[in-house]
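Structure data (TSV, C-alpha atoms (C1' of nucleotides)) from upload-v7.tsv:
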```
chain	number	residue	atom	x	y	z
A	1	MET	CA	98.75	128.83	117.64
A	2	THR	CA	102.13	129.42	119.14
A	3	GLY	CA	105.45	127.60	119.10
A	4	GLU	CA	106.05	124.12	117.79
A	5	ILE	CA	109.05	122.11	118.90
A	6	ARG	CA	110.00	123.13	122.37
A	7	ARG	CA	113.48	123.04	123.71
A	8	THR	CA	113.17	121.13	126.96
A	9	ARG	CA	115.74	119.96	129.41
A	10	GLN	CA	115.26	116.32	128.42
A	11	ARG	CA	115.55	116.93	124.71
A	12	THR	CA	118.67	118.93	125.20
A	13	HIS	CA	120.22	116.13	127.19
A	14	ILE	CA	119.35	113.53	124.60
A	15	TRP	CA	120.64	115.69	121.81
A	16	ASP	CA	123.86	116.44	123.64
A	17	TYR	CA	124.43	112.84	124.51
A	18	LEU	CA	124.00	111.79	120.91
A	19	GLY	CA	126.55	114.41	119.96
A	20	GLY	CA	129.18	112.76	122.11
A	21	THR	CA	129.11	109.29	120.62
A	22	ALA	CA	129.80	107.75	117.24
A	23	GLU	CA	127.69	104.63	117.65
A	24	PHE	CA	124.15	103.91	116.73
A	25	LEU	CA	122.13	103.56	119.90
A	26	THR	CA	118.67	102.26	120.60
A	27	ALA	CA	116.19	104.20	122.68
A	28	GLN	CA	116.79	101.82	125.53
A	29	GLN	CA	120.53	102.35	125.41
A	30	VAL	CA	120.19	106.10	125.37
A	31	HIS	CA	117.85	105.87	128.31
A	32	ASP	CA	120.16	103.63	130.32
A	33	ARG	CA	123.22	105.75	129.69
A	34	LEU	CA	121.55	109.01	130.49
A	35	ARG	CA	120.33	107.60	133.76
A	36	ALA	CA	123.71	106.13	134.54
A	37	GLY	CA	125.11	109.59	133.93
A	38	GLY	CA	122.78	111.04	136.51
A	39	THR	CA	120.25	112.49	134.10
A	40	PRO	CA	116.78	111.21	134.88
A	41	VAL	CA	114.70	110.84	131.73
A	42	SER	CA	111.76	108.53	131.27
A	43	LEU	CA	111.79	105.80	128.69
A	44	PRO	CA	108.70	106.98	126.84
A	45	THR	CA	110.26	110.39	126.48
A	46	VAL	CA	113.39	108.95	124.95
A	47	TYR	CA	111.33	106.98	122.46
A	48	ARG	CA	109.22	109.96	121.56
A	49	THR	CA	112.13	112.31	121.29
A	50	LEU	CA	114.25	110.07	119.12
A	51	ALA	CA	111.35	109.30	116.83
A	52	ALA	CA	110.59	113.00	116.51
A	53	MET	CA	114.20	113.84	115.75
A	54	ALA	CA	114.37	111.14	113.13
A	55	GLU	CA	111.16	112.44	111.62
A	56	ALA	CA	112.66	115.91	111.49
A	57	GLY	CA	115.82	114.57	109.91
A	58	GLU	CA	117.96	115.67	112.83
A	59	VAL	CA	119.24	112.17	113.50
A	60	ASP	CA	119.82	109.09	111.39
A	61	GLN	CA	117.63	106.10	111.97
A	62	LEU	CA	118.79	102.57	111.34
A	63	VAL	CA	116.58	99.52	111.63
A	64	GLY	CA	118.57	96.42	112.40
A	65	GLU	CA	118.39	93.13	114.23
A	66	ASP	CA	118.43	94.88	117.58
A	67	GLY	CA	115.57	97.19	116.79
A	68	THR	CA	115.69	100.82	115.79
A	69	ALA	CA	118.90	102.70	116.48
A	70	TYR	CA	119.72	106.38	116.18
A	71	ARG	CA	122.76	108.55	115.69
A	72	ARG	CA	123.52	112.20	115.04
A	73	CYS	CA	125.02	112.50	111.60
A	74	SER	CA	125.91	115.04	109.04
A	75	PRO	CA	122.83	116.39	107.34
A	76	HIS	CA	123.80	115.22	103.87
A	77	HIS	CA	122.79	111.99	102.27
A	78	HIS	CA	125.38	109.36	103.16
A	79	HIS	CA	125.97	105.75	104.08
A	80	HIS	CA	127.69	103.95	106.92
A	81	LEU	CA	130.56	101.62	107.50
A	82	ILE	CA	129.97	99.97	110.85
A	83	CYS	CA	132.21	97.82	112.99
A	84	ARG	CA	130.31	94.75	114.11
A	85	VAL	CA	132.41	94.43	117.24
A	86	CYS	CA	132.68	97.90	118.76
A	87	GLY	CA	129.91	99.68	116.89
A	88	ARG	CA	132.17	102.41	115.59
A	89	THR	CA	130.64	104.10	112.61
A	90	ILE	CA	132.21	105.88	109.68
A	91	GLU	CA	130.19	108.01	107.33
A	92	LEU	CA	130.65	107.46	103.65
A	93	THR	CA	129.63	109.14	100.49
A	94	ALA	CA	128.91	106.77	97.67
A	95	ASP	CA	128.47	108.39	94.34
A	96	PRO	CA	128.75	105.07	92.46
A	97	VAL	CA	125.89	103.71	94.51
A	98	GLU	CA	123.73	106.77	93.94
A	99	ALA	CA	124.30	106.56	90.23
A	100	TRP	CA	123.61	102.85	90.16
A	101	ALA	CA	120.40	103.22	92.14
A	102	ALA	CA	119.13	105.95	89.87
A	103	GLU	CA	119.99	103.88	86.82
A	104	VAL	CA	118.26	100.78	88.13
A	105	ALA	CA	115.17	102.74	89.07
A	106	ARG	CA	114.92	104.26	85.61
A	107	ALA	CA	115.41	100.92	83.91
A	108	HIS	CA	112.49	99.41	85.81
A	109	GLY	CA	110.24	102.44	85.74
A	110	PHE	CA	110.25	102.89	89.49
A	111	THR	CA	109.63	106.33	90.94
A	112	GLY	CA	110.09	107.95	94.32
A	113	ILE	CA	113.22	105.96	94.94
A	114	THR	CA	115.01	105.75	98.24
A	115	HIS	CA	117.81	103.40	99.06
A	116	VAL	CA	119.65	101.98	102.00
A	117	THR	CA	123.25	100.89	101.95
A	118	GLU	CA	125.19	99.78	104.99
A	119	ILE	CA	128.52	98.05	105.11
A	120	SER	CA	129.59	96.18	108.20
A	121	GLY	CA	132.76	94.40	109.12
A	122	THR	CA	135.51	94.37	111.70
A	123	CYS	CA	137.55	97.50	112.13
A	124	PRO	CA	141.35	97.36	112.35
A	125	ALA	CA	141.42	97.94	116.09
A	126	CYS	CA	138.94	95.17	116.82
A	127	SER	CA	140.45	92.67	114.45
A	128	ALA	CA	143.75	93.24	116.19
A	129	SER	CA	142.37	92.66	119.67
A	130	THR	CA	139.83	90.00	118.82
A	131	GLY	CA	141.10	88.00	115.91
A	132	LEU	CA	144.66	87.37	117.01
B	1	MET	CA	124.72	61.12	115.70
B	2	THR	CA	122.26	60.71	112.91
B	3	GLY	CA	120.38	63.02	110.56
B	4	GLU	CA	120.11	66.76	110.89
B	5	ILE	CA	117.40	68.78	109.21
B	6	ARG	CA	114.23	66.77	108.83
B	7	ARG	CA	111.78	67.19	106.05
B	8	THR	CA	108.43	67.56	107.74
B	9	ARG	CA	105.00	68.34	106.43
B	10	GLN	CA	105.04	71.83	107.93
B	11	ARG	CA	108.42	72.74	106.56
B	12	THR	CA	107.44	71.57	103.14
B	13	HIS	CA	104.33	73.71	103.24
B	14	ILE	CA	106.20	76.79	104.33
B	15	TRP	CA	108.85	76.23	101.71
B	16	ASP	CA	106.29	75.71	98.98
B	17	TYR	CA	104.30	78.72	99.96
B	18	LEU	CA	107.38	80.89	99.85
B	19	GLY	CA	108.05	79.60	96.39
B	20	GLY	CA	104.73	80.90	95.15
B	21	THR	CA	105.13	84.52	96.08
B	22	ALA	CA	107.49	87.34	95.17
B	23	GLU	CA	107.01	89.43	98.29
B	24	PHE	CA	108.91	89.52	101.52
B	25	LEU	CA	106.67	88.15	104.24
B	26	THR	CA	106.91	88.17	108.01
B	27	ALA	CA	106.45	85.03	110.04
B	28	GLN	CA	103.02	86.23	111.07
B	29	GLN	CA	101.98	86.76	107.48
B	30	VAL	CA	103.16	83.34	106.43
B	31	HIS	CA	101.28	81.85	109.33
B	32	ASP	CA	98.06	83.69	108.53
B	33	ARG	CA	98.14	82.81	104.87
B	34	LEU	CA	98.91	79.16	105.41
B	35	ARG	CA	96.01	78.90	107.83
B	36	ALA	CA	93.72	80.78	105.48
B	37	GLY	CA	94.74	78.26	102.84
B	38	GLY	CA	93.66	75.42	105.04
B	39	THR	CA	97.10	74.39	106.21
B	40	PRO	CA	97.29	74.36	109.98
B	41	VAL	CA	100.72	75.35	111.24
B	42	SER	CA	101.53	76.82	114.59
B	43	LEU	CA	103.07	80.23	114.92
B	44	PRO	CA	106.15	79.09	116.83
B	45	THR	CA	106.85	76.58	114.11
B	46	VAL	CA	106.72	79.24	111.44
B	47	TYR	CA	109.12	81.40	113.39
B	48	ARG	CA	111.50	78.54	114.00
B	49	THR	CA	111.36	77.28	110.47
B	50	LEU	CA	111.93	80.62	108.82
B	51	ALA	CA	114.78	81.46	111.16
B	52	ALA	CA	116.37	78.08	110.45
B	53	MET	CA	116.00	78.50	106.71
B	54	ALA	CA	117.54	81.95	106.87
B	55	GLU	CA	120.38	80.55	108.93
B	56	ALA	CA	120.94	77.88	106.31
B	57	GLY	CA	120.87	80.45	103.54
B	58	GLU	CA	117.80	78.92	101.94
B	59	VAL	CA	115.77	82.11	102.19
B	60	ASP	CA	116.62	85.78	102.25
B	61	GLN	CA	116.05	87.68	105.44
B	62	LEU	CA	115.25	91.37	105.50
B	63	VAL	CA	114.93	93.40	108.67
B	64	GLY	CA	112.73	96.40	108.16
B	65	GLU	CA	110.27	98.62	109.96
B	66	ASP	CA	107.71	95.83	110.07
B	67	GLY	CA	110.05	93.33	111.65
B	68	THR	CA	111.86	90.49	110.01
B	69	ALA	CA	110.64	89.38	106.60
B	70	TYR	CA	111.61	86.40	104.48
B	71	ARG	CA	111.58	85.41	100.86
B	72	ARG	CA	112.90	82.60	98.69
B	73	CYS	CA	115.52	83.98	96.39
B	74	SER	CA	118.14	82.89	93.99
B	75	PRO	CA	121.13	81.49	95.84
B	76	HIS	CA	123.58	84.07	94.53
B	77	HIS	CA	124.50	87.28	96.23
B	78	HIS	CA	122.11	89.95	95.07
B	79	HIS	CA	120.11	92.99	96.07
B	80	HIS	CA	116.47	94.00	95.86
B	81	LEU	CA	114.30	96.61	94.28
B	82	ILE	CA	111.08	96.69	96.23
B	83	CYS	CA	107.78	98.41	95.52
B	84	ARG	CA	106.64	100.23	98.63
B	85	VAL	CA	103.01	99.92	97.62
B	86	CYS	CA	102.47	96.35	96.48
B	87	GLY	CA	105.60	94.72	97.87
B	88	ARG	CA	106.70	93.35	94.55
B	89	THR	CA	110.37	92.52	94.58
B	90	ILE	CA	112.91	92.44	91.80
B	91	GLU	CA	116.30	90.90	92.27
B	92	LEU	CA	119.29	92.85	91.15
B	93	THR	CA	122.93	92.25	90.65
B	94	ALA	CA	125.08	95.21	91.47
B	95	ASP	CA	128.66	94.90	90.47
B	96	PRO	CA	129.36	98.60	90.97
B	97	VAL	CA	128.17	98.30	94.54
B	98	GLU	CA	130.25	95.22	95.24
B	99	ALA	CA	133.32	96.91	93.88
B	100	TRP	CA	132.66	100.06	95.84
B	101	ALA	CA	132.10	98.13	99.08
B	102	ALA	CA	135.33	96.21	98.65
B	103	GLU	CA	137.21	99.39	97.90
B	104	VAL	CA	135.82	101.22	100.93
B	105	ALA	CA	136.58	98.29	103.20
B	106	ARG	CA	140.16	98.14	102.03
B	107	ALA	CA	140.64	101.87	102.39
B	108	HIS	CA	139.55	101.75	106.04
B	109	GLY	CA	141.20	98.46	106.91
B	110	PHE	CA	137.95	96.68	107.67
B	111	THR	CA	137.79	92.92	107.31
B	112	GLY	CA	135.00	90.37	107.12
B	113	ILE	CA	132.83	92.76	105.18
B	114	THR	CA	129.17	92.23	104.46
B	115	HIS	CA	126.84	94.77	103.05
B	116	VAL	CA	123.17	95.45	102.62
B	117	THR	CA	121.66	97.39	99.79
B	118	GLU	CA	117.98	97.78	99.17
B	119	ILE	CA	116.21	100.15	96.85
B	120	SER	CA	112.57	100.95	97.33
B	121	GLY	CA	110.15	103.03	95.34
B	122	THR	CA	106.86	102.84	93.53
B	123	CYS	CA	106.61	100.43	90.65
B	124	PRO	CA	105.04	101.46	87.34
B	125	ALA	CA	101.79	99.58	87.97
B	126	CYS	CA	101.29	101.13	91.39
B	127	SER	CA	102.22	104.64	90.37
B	128	ALA	CA	99.63	104.37	87.61
B	129	SER	CA	96.84	103.24	89.92
B	130	THR	CA	97.83	105.27	92.97
B	131	GLY	CA	99.45	108.44	91.81
B	132	LEU	CA	96.96	109.51	89.16
C	1	DA	C1'	107.67	47.35	113.57
C	2	DG	C1'	110.74	49.35	117.41
C	3	DT	C1'	113.51	52.93	118.93
C	4	DT	C1'	115.63	57.16	119.25
C	5	DT	C1'	115.62	61.82	118.45
C	6	DC	C1'	114.08	65.90	116.65
C	7	DA	C1'	109.90	68.75	115.46
C	8	DT	C1'	105.43	70.36	116.68
C	9	DG	C1'	101.87	72.85	119.11
C	10	DA	C1'	99.34	75.08	123.00
C	11	DG	C1'	100.04	78.12	126.09
C	12	DA	C1'	102.80	80.97	129.04
C	13	DA	C1'	106.66	84.16	129.50
C	14	DT	C1'	109.45	87.87	127.87
C	15	DC	C1'	110.59	92.15	126.07
C	16	DA	C1'	110.43	96.23	123.33
C	17	DT	C1'	107.45	99.72	122.06
C	18	DT	C1'	103.25	102.56	122.37
C	19	DA	C1'	99.09	104.52	124.54
C	20	DT	C1'	96.78	106.81	128.59
C	21	DC	C1'	96.28	110.61	131.37
C	22	DA	C1'	97.21	113.60	135.25
C	23	DA	C1'	100.84	116.77	136.64
C	24	DT	C1'	104.49	119.85	135.01
C	25	DT	C1'	106.88	123.26	132.27
C	26	DA	C1'	108.28	126.16	128.27
C	27	DG	C1'	107.24	130.46	126.03
C	28	DG	C1'	104.55	134.27	124.73
C	29	DC	C1'	101.90	138.17	126.35
C	30	DG	C1'	99.88	141.56	129.20
D	1	DC	C1'	107.50	139.99	136.29
D	2	DG	C1'	103.89	136.74	136.64
D	3	DC	C1'	99.95	134.49	134.24
D	4	DC	C1'	97.93	131.54	130.58
D	5	DT	C1'	97.76	127.98	127.31
D	6	DA	C1'	99.32	124.30	125.01
D	7	DA	C1'	102.95	121.09	124.57
D	8	DT	C1'	105.80	117.82	127.28
D	9	DT	C1'	106.82	114.75	130.74
D	10	DG	C1'	106.58	110.50	133.51
D	11	DA	C1'	104.35	106.49	135.92
D	12	DT	C1'	101.79	103.00	134.62
D	13	DA	C1'	99.16	100.05	131.85
D	14	DA	C1'	98.35	98.02	127.37
D	15	DT	C1'	99.76	96.04	123.19
D	16	DG	C1'	102.00	93.00	120.20
D	17	DA	C1'	105.64	90.46	118.35
D	18	DT	C1'	108.88	86.91	119.36
D	19	DT	C1'	110.70	83.20	122.25
D	20	DC	C1'	110.50	79.56	125.76
D	21	DT	C1'	108.59	75.25	128.05
D	22	DC	C1'	107.40	70.82	127.84
D	23	DA	C1'	104.38	67.01	126.76
D	24	DT	C1'	102.95	64.76	122.46
D	25	DG	C1'	103.59	63.31	117.67
D	26	DA	C1'	106.24	62.16	113.68
D	27	DA	C1'	110.86	61.26	110.89
D	28	DA	C1'	114.64	58.50	110.02
D	29	DC	C1'	117.24	54.25	110.87
D	30	DT	C1'	117.70	49.34	111.82
```
Mind converting the file's structure to structure tokens?
Amino acid sequence: MTGEIRRTRQRTHIWDYLGGTAEFLTAQQVHDRLRAGGTPVSLPTVYRTLAAMAEAGEVDQLVGEDGTAYRRCSPHHHHHLICRVCGRTIELTADPVEAWAAEVARAHGFTGITHVTEISGTCPACSASTGL
Amino acid sequence: MTGEIRRTRQRTHIWDYLGGTAEFLTAQQVHDRLRAGGTPVSLPTVYRTLAAMAEAGEVDQLVGEDGTAYRRCSPHHHHHLICRVCGRTIELTADPVEAWAAEVARAHGFTGITHVTEISGTCPACSASTGL
DNA sequence: AGTTTCATGAGAATCATTATCAATTAGGCG
DNA sequence: CGCCTAATTGATAATGATTCTCATGAAACT
């Protein structure tokens, strides 16, 4: 047996593109934007690549109303504050939440705990341009 | 203009069925189980009804890997502790999380905040039967 | 009971996601 | 450097969940 995860042209492009944006993007969006940018990549490849990266922990995966979205994030455990209007995302650390989750799990005897916490709202820029 | 939301046989059945279970169920699951129980309801109706109930705040809606799932819950704001194995769900109140979310929102100038917090793990019963 | 309007259901349409499979390419090795 | 092998790609088809269409049936109101 030889190598495992190959570094291909397509994967590099996807990875690089994800590095240049702060939004969560679906596979379809990544596909569209890469094509629009003159980089031909097939849709199945985008799906496969993003799923593989998520599996490997190289990108964050977020399942929402619009399907599964991905984003390159810092490798530590964290949460997100997302603008509902422009999609801008801010990473958060949330020690109180971690502590609370651990406490709740212990109290109920649950093991193998994972948790999801996302906060969404309207960011200052968008509330300025939209609201008023 | 006259009445708004009618009380039909189908809606009553869906509502009642949801009242008898503690799991989150997808529209498809609700449909299958109602039929299995001898209650004929069409799939589109189940979709429409559950979406309408979620819209009206009568049921909780949870978007996960398996699609959109629904459950009748207490009407207050709360969070869930879910067993990944059997689907059992426990409602939680989480004041520390509320406080933290409000604080984070203020710090970043976000408005119109909503947040999602779900904890999943293996419940005591399932870890006993599965793990060992 | 009559009427009006909304809800239902059967099926078709849509749309995202995944599988199939032949052709291509990355990487290691001689 | 050029070959070999296995992993990757891409075009297309298949799948599967969700939504739409529209004729029929059932609530609510008088």
| Surrounding residues of Pro75 (chain B) excluding itself and chain neighbours under 2 positions, 9 Å, all atoms listed in the file, as number ranges by chain | B: 57-60, 72-73, 77-78
| Nearby residues (only C-alpha atoms (C1' of nucleotides)) at most 10 Å from Ser127 (chain A), same-chain spacing under 5 positions excluded, as number ranges by chain | A: 83, 85, 121-122, 132; B: 109-112
Least-squares superposed chain A, target chain B, every Cα, as a compact mmCIF listing (two decimals) with C-alpha atoms, in the frame of the given file:
```
# COMPACT_ATOMS: atom_id res chain seq x y z
CA MET A 1 123.86 60.45 115.66
CA THR A 2 121.48 60.23 112.78
CA GLY A 3 119.85 62.71 110.44
CA GLU A 4 119.87 66.46 110.82
CA ILE A 5 117.27 68.61 109.12
CA ARG A 6 114.10 66.65 108.76
CA ARG A 7 111.65 67.12 105.99
CA THR A 8 108.33 67.55 107.76
CA ARG A 9 104.91 68.34 106.48
CA GLN A 10 104.98 71.84 107.97
CA ARG A 11 108.37 72.74 106.57
CA THR A 12 107.36 71.56 103.17
CA HIS A 13 104.28 73.72 103.27
CA ILE A 14 106.20 76.78 104.34
CA TRP A 15 108.83 76.22 101.72
CA ASP A 16 106.25 75.69 99.00
CA TYR A 17 104.30 78.73 100.00
CA LEU A 18 107.39 80.89 99.87
CA GLY A 19 108.04 79.55 96.40
CA GLY A 20 104.74 80.89 95.16
CA THR A 21 105.16 84.53 96.10
CA ALA A 22 107.53 87.33 95.19
CA GLU A 23 107.07 89.43 98.31
CA PHE A 24 108.95 89.51 101.53
CA LEU A 25 106.73 88.14 104.26
CA THR A 26 106.98 88.16 108.01
CA ALA A 27 106.52 85.03 110.06
CA GLN A 28 103.12 86.25 111.08
CA GLN A 29 102.04 86.77 107.50
CA VAL A 30 103.21 83.35 106.45
CA HIS A 31 101.34 81.87 109.36
CA ASP A 32 98.12 83.72 108.59
CA ARG A 33 98.17 82.84 104.92
CA LEU A 34 98.93 79.20 105.45
CA ARG A 35 96.05 78.94 107.86
CA ALA A 36 93.76 80.83 105.54
CA GLY A 37 94.74 78.32 102.89
CA GLY A 38 93.65 75.47 105.10
CA THR A 39 97.10 74.43 106.26
CA PRO A 40 97.28 74.40 110.04
CA VAL A 41 100.74 75.37 111.26
CA SER A 42 101.57 76.85 114.62
CA LEU A 43 103.13 80.25 114.94
CA PRO A 44 106.20 79.10 116.83
CA THR A 45 106.89 76.58 114.12
CA VAL A 46 106.76 79.23 111.44
CA TYR A 47 109.19 81.39 113.38
CA ARG A 48 111.55 78.52 113.99
CA THR A 49 111.39 77.26 110.46
CA LEU A 50 111.98 80.61 108.82
CA ALA A 51 114.85 81.40 111.14
CA ALA A 52 116.41 78.02 110.41
CA MET A 53 116.03 78.47 106.67
CA ALA A 54 117.59 81.90 106.84
CA GLU A 55 120.43 80.48 108.89
CA ALA A 56 120.95 77.81 106.26
CA GLY A 57 120.89 80.39 103.51
CA GLU A 58 117.81 78.87 101.91
CA VAL A 59 115.81 82.08 102.18
CA ASP A 60 116.66 85.76 102.24
CA GLN A 61 116.11 87.66 105.43
CA LEU A 62 115.31 91.34 105.50
CA VAL A 63 115.01 93.40 108.65
CA GLY A 64 112.78 96.39 108.16
CA GLU A 65 110.32 98.60 109.96
CA ASP A 66 107.78 95.81 110.13
CA GLY A 67 110.12 93.31 111.67
CA THR A 68 111.96 90.47 110.02
CA ALA A 69 110.71 89.35 106.62
CA TYR A 70 111.68 86.38 104.49
CA ARG A 71 111.63 85.40 100.85
CA ARG A 72 112.93 82.57 98.70
CA CYS A 73 115.55 83.96 96.39
CA SER A 74 118.22 82.86 94.04
CA PRO A 75 121.19 81.50 95.91
CA HIS A 76 123.64 84.08 94.60
CA HIS A 77 124.56 87.30 96.27
CA HIS A 78 122.14 89.98 95.10
CA HIS A 79 120.13 93.01 96.09
CA HIS A 80 116.49 94.01 95.90
CA LEU A 81 114.33 96.61 94.29
CA ILE A 82 111.09 96.69 96.25
CA CYS A 83 107.80 98.39 95.53
CA ARG A 84 106.64 100.23 98.62
CA VAL A 85 103.01 99.90 97.62
CA CYS A 86 102.49 96.30 96.51
CA GLY A 87 105.62 94.70 97.90
CA ARG A 88 106.72 93.32 94.57
CA THR A 89 110.39 92.52 94.60
CA ILE A 90 112.94 92.41 91.82
CA GLU A 91 116.33 90.87 92.29
CA LEU A 92 119.32 92.84 91.16
CA THR A 93 122.96 92.25 90.69
CA ALA A 94 125.10 95.22 91.49
CA ASP A 95 128.68 94.90 90.48
CA PRO A 96 129.36 98.63 90.96
CA VAL A 97 128.17 98.36 94.53
CA GLU A 98 130.28 95.29 95.23
CA ALA A 99 133.34 96.99 93.87
CA TRP A 100 132.64 100.16 95.81
CA ALA A 101 132.11 98.28 99.05
CA ALA A 102 135.33 96.35 98.65
CA GLU A 103 137.20 99.55 97.87
CA VAL A 104 135.80 101.40 100.86
CA ALA A 105 136.58 98.51 103.17
CA ARG A 106 140.18 98.37 101.99
CA ALA A 107 140.62 102.11 102.33
CA HIS A 108 139.55 102.01 105.97
CA GLY A 109 141.23 98.76 106.89
CA PHE A 110 137.99 96.97 107.65
CA THR A 111 137.84 93.20 107.33
CA GLY A 112 135.09 90.62 107.17
CA ILE A 113 132.89 92.97 105.23
CA THR A 114 129.24 92.39 104.51
CA HIS A 115 126.88 94.90 103.04
CA VAL A 116 123.21 95.54 102.62
CA THR A 117 121.69 97.45 99.76
CA GLU A 118 117.98 97.81 99.16
CA ILE A 119 116.22 100.16 96.82
CA SER A 120 112.57 100.96 97.29
CA GLY A 121 110.15 103.02 95.31
CA THR A 122 106.85 102.79 93.48
CA CYS A 123 106.59 100.35 90.63
CA PRO A 124 105.01 101.36 87.31
CA ALA A 125 101.79 99.48 87.97
CA CYS A 126 101.27 101.05 91.38
CA SER A 127 102.18 104.55 90.33
CA ALA A 128 99.61 104.23 87.59
CA SER A 129 96.83 103.11 89.90
CA THR A 130 97.77 105.16 92.93
CA GLY A 131 99.38 108.34 91.78
CA LEU A 132 96.97 109.41 89.08
```
Give me, as JSON lines, each residue of chain D that comes within 10 Å of chain B, together with its shortest interatomic pair and the distance in Å at one decimal, counting only C-alpha atoms (C1' of nucleotides), with rows ordered by chain and rising residue number.
```
{"residue": "D:DA17", "atom": "C1'", "partner": "B:Gly67", "partner_atom": "CA", "distance": 8.5}
{"residue": "D:DT18", "atom": "C1'", "partner": "B:Tyr47", "partner_atom": "CA", "distance": 8.1}
{"residue": "D:DT19", "atom": "C1'", "partner": "B:Pro44", "partner_atom": "CA", "distance": 8.2}
{"residue": "D:DC20", "atom": "C1'", "partner": "B:Pro44", "partner_atom": "CA", "distance": 9.9}
{"residue": "D:DA26", "atom": "C1'", "partner": "B:Thr8", "partner_atom": "CA", "distance": 8.3}
{"residue": "D:DA27", "atom": "C1'", "partner": "B:Arg6", "partner_atom": "CA", "distance": 6.8}
{"residue": "D:DA28", "atom": "C1'", "partner": "B:Gly3", "partner_atom": "CA", "distance": 7.3}
{"residue": "D:DC29", "atom": "C1'", "partner": "B:Thr2", "partner_atom": "CA", "distance": 8.4}
```
Selection file, C-alpha atoms (C1' of nucleotides), as a PDB file, keeping the file's coordinate frame:
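Saved file result25.pdb follows:
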```pdb
ATOM      1  C1'  DA D  17     105.640  90.460 118.350  1.00  0.00           C
ATOM      2  C1'  DT D  18     108.880  86.910 119.360  1.00  0.00           C
ATOM      3  C1'  DT D  19     110.700  83.200 122.250  1.00  0.00           C
ATOM      4  C1'  DC D  20     110.500  79.560 125.760  1.00  0.00           C
ATOM      5  C1'  DA D  26     106.240  62.160 113.680  1.00  0.00           C
ATOM      6  C1'  DA D  27     110.860  61.260 110.890  1.00  0.00           C
ATOM      7  C1'  DA D  28     114.640  58.500 110.020  1.00  0.00           C
ATOM      8  C1'  DC D  29     117.240  54.250 110.870  1.00  0.00           C
TER       9       DC D  29
END
```
| task | Kindly indicate which residue among C:DC6, C:DA26, C:DA19, C:DA12 lies nearest to chain A, using only C-alpha atoms (C1' of nucleotides) for the distances. | result | C:DA26
| field | Atom-to-atom span, CA of Tyr70 (chain A) and C1' of DT8 (chain D), Å | value | 21.2 Å
| query | Within 12 Å of chain A, which residues of chain C show up when using all atoms listed in the file, listed as a PyMOL selection string? | reply | chain C and resi 15-19+24-29
Give the residues of chain B that lie within 8 Å of chain A; count only C-alpha atoms, and format the answer as a compact mmCIF listing (two decimals) with C-alpha atoms, in the frame of the given file.
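And here's selection37.txt as it stands now:
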```txt
# COMPACT_ATOMS: atom_id res chain seq x y z
CA VAL B 63 114.93 93.40 108.67
CA GLY B 64 112.73 96.40 108.16
CA GLU B 65 110.27 98.62 109.96
CA CYS B 83 107.78 98.41 95.52
CA ALA B 94 125.08 95.21 91.47
CA PRO B 96 129.36 98.60 90.97
CA VAL B 97 128.17 98.30 94.54
CA TRP B 100 132.66 100.06 95.84
CA ALA B 101 132.10 98.13 99.08
CA HIS B 108 139.55 101.75 106.04
CA GLY B 109 141.20 98.46 106.91
CA PHE B 110 137.95 96.68 107.67
CA THR B 111 137.79 92.92 107.31
CA GLY B 112 135.00 90.37 107.12
CA ILE B 113 132.83 92.76 105.18
CA THR B 114 129.17 92.23 104.46
CA HIS B 115 126.84 94.77 103.05
CA VAL B 116 123.17 95.45 102.62
CA THR B 117 121.66 97.39 99.79
CA GLU B 118 117.98 97.78 99.17
CA ILE B 119 116.21 100.15 96.85
CA SER B 120 112.57 100.95 97.33
CA GLY B 121 110.15 103.03 95.34
CA THR B 122 106.86 102.84 93.53
CA CYS B 123 106.61 100.43 90.65
CA PRO B 124 105.04 101.46 87.34
CA SER B 127 102.22 104.64 90.37
```
| said: List as a ChimeraX atom specification the residues having at least one atom at most 7 Å from position (115.0, 117.2, 120.8) as given in the file, counting all atoms listed in the file. | reply: /A:7,11-12,14-15,49,53
| Distance in Å - CA of Val30 (chain B) versus CA of Val46 (chain B) | 7.4 Å
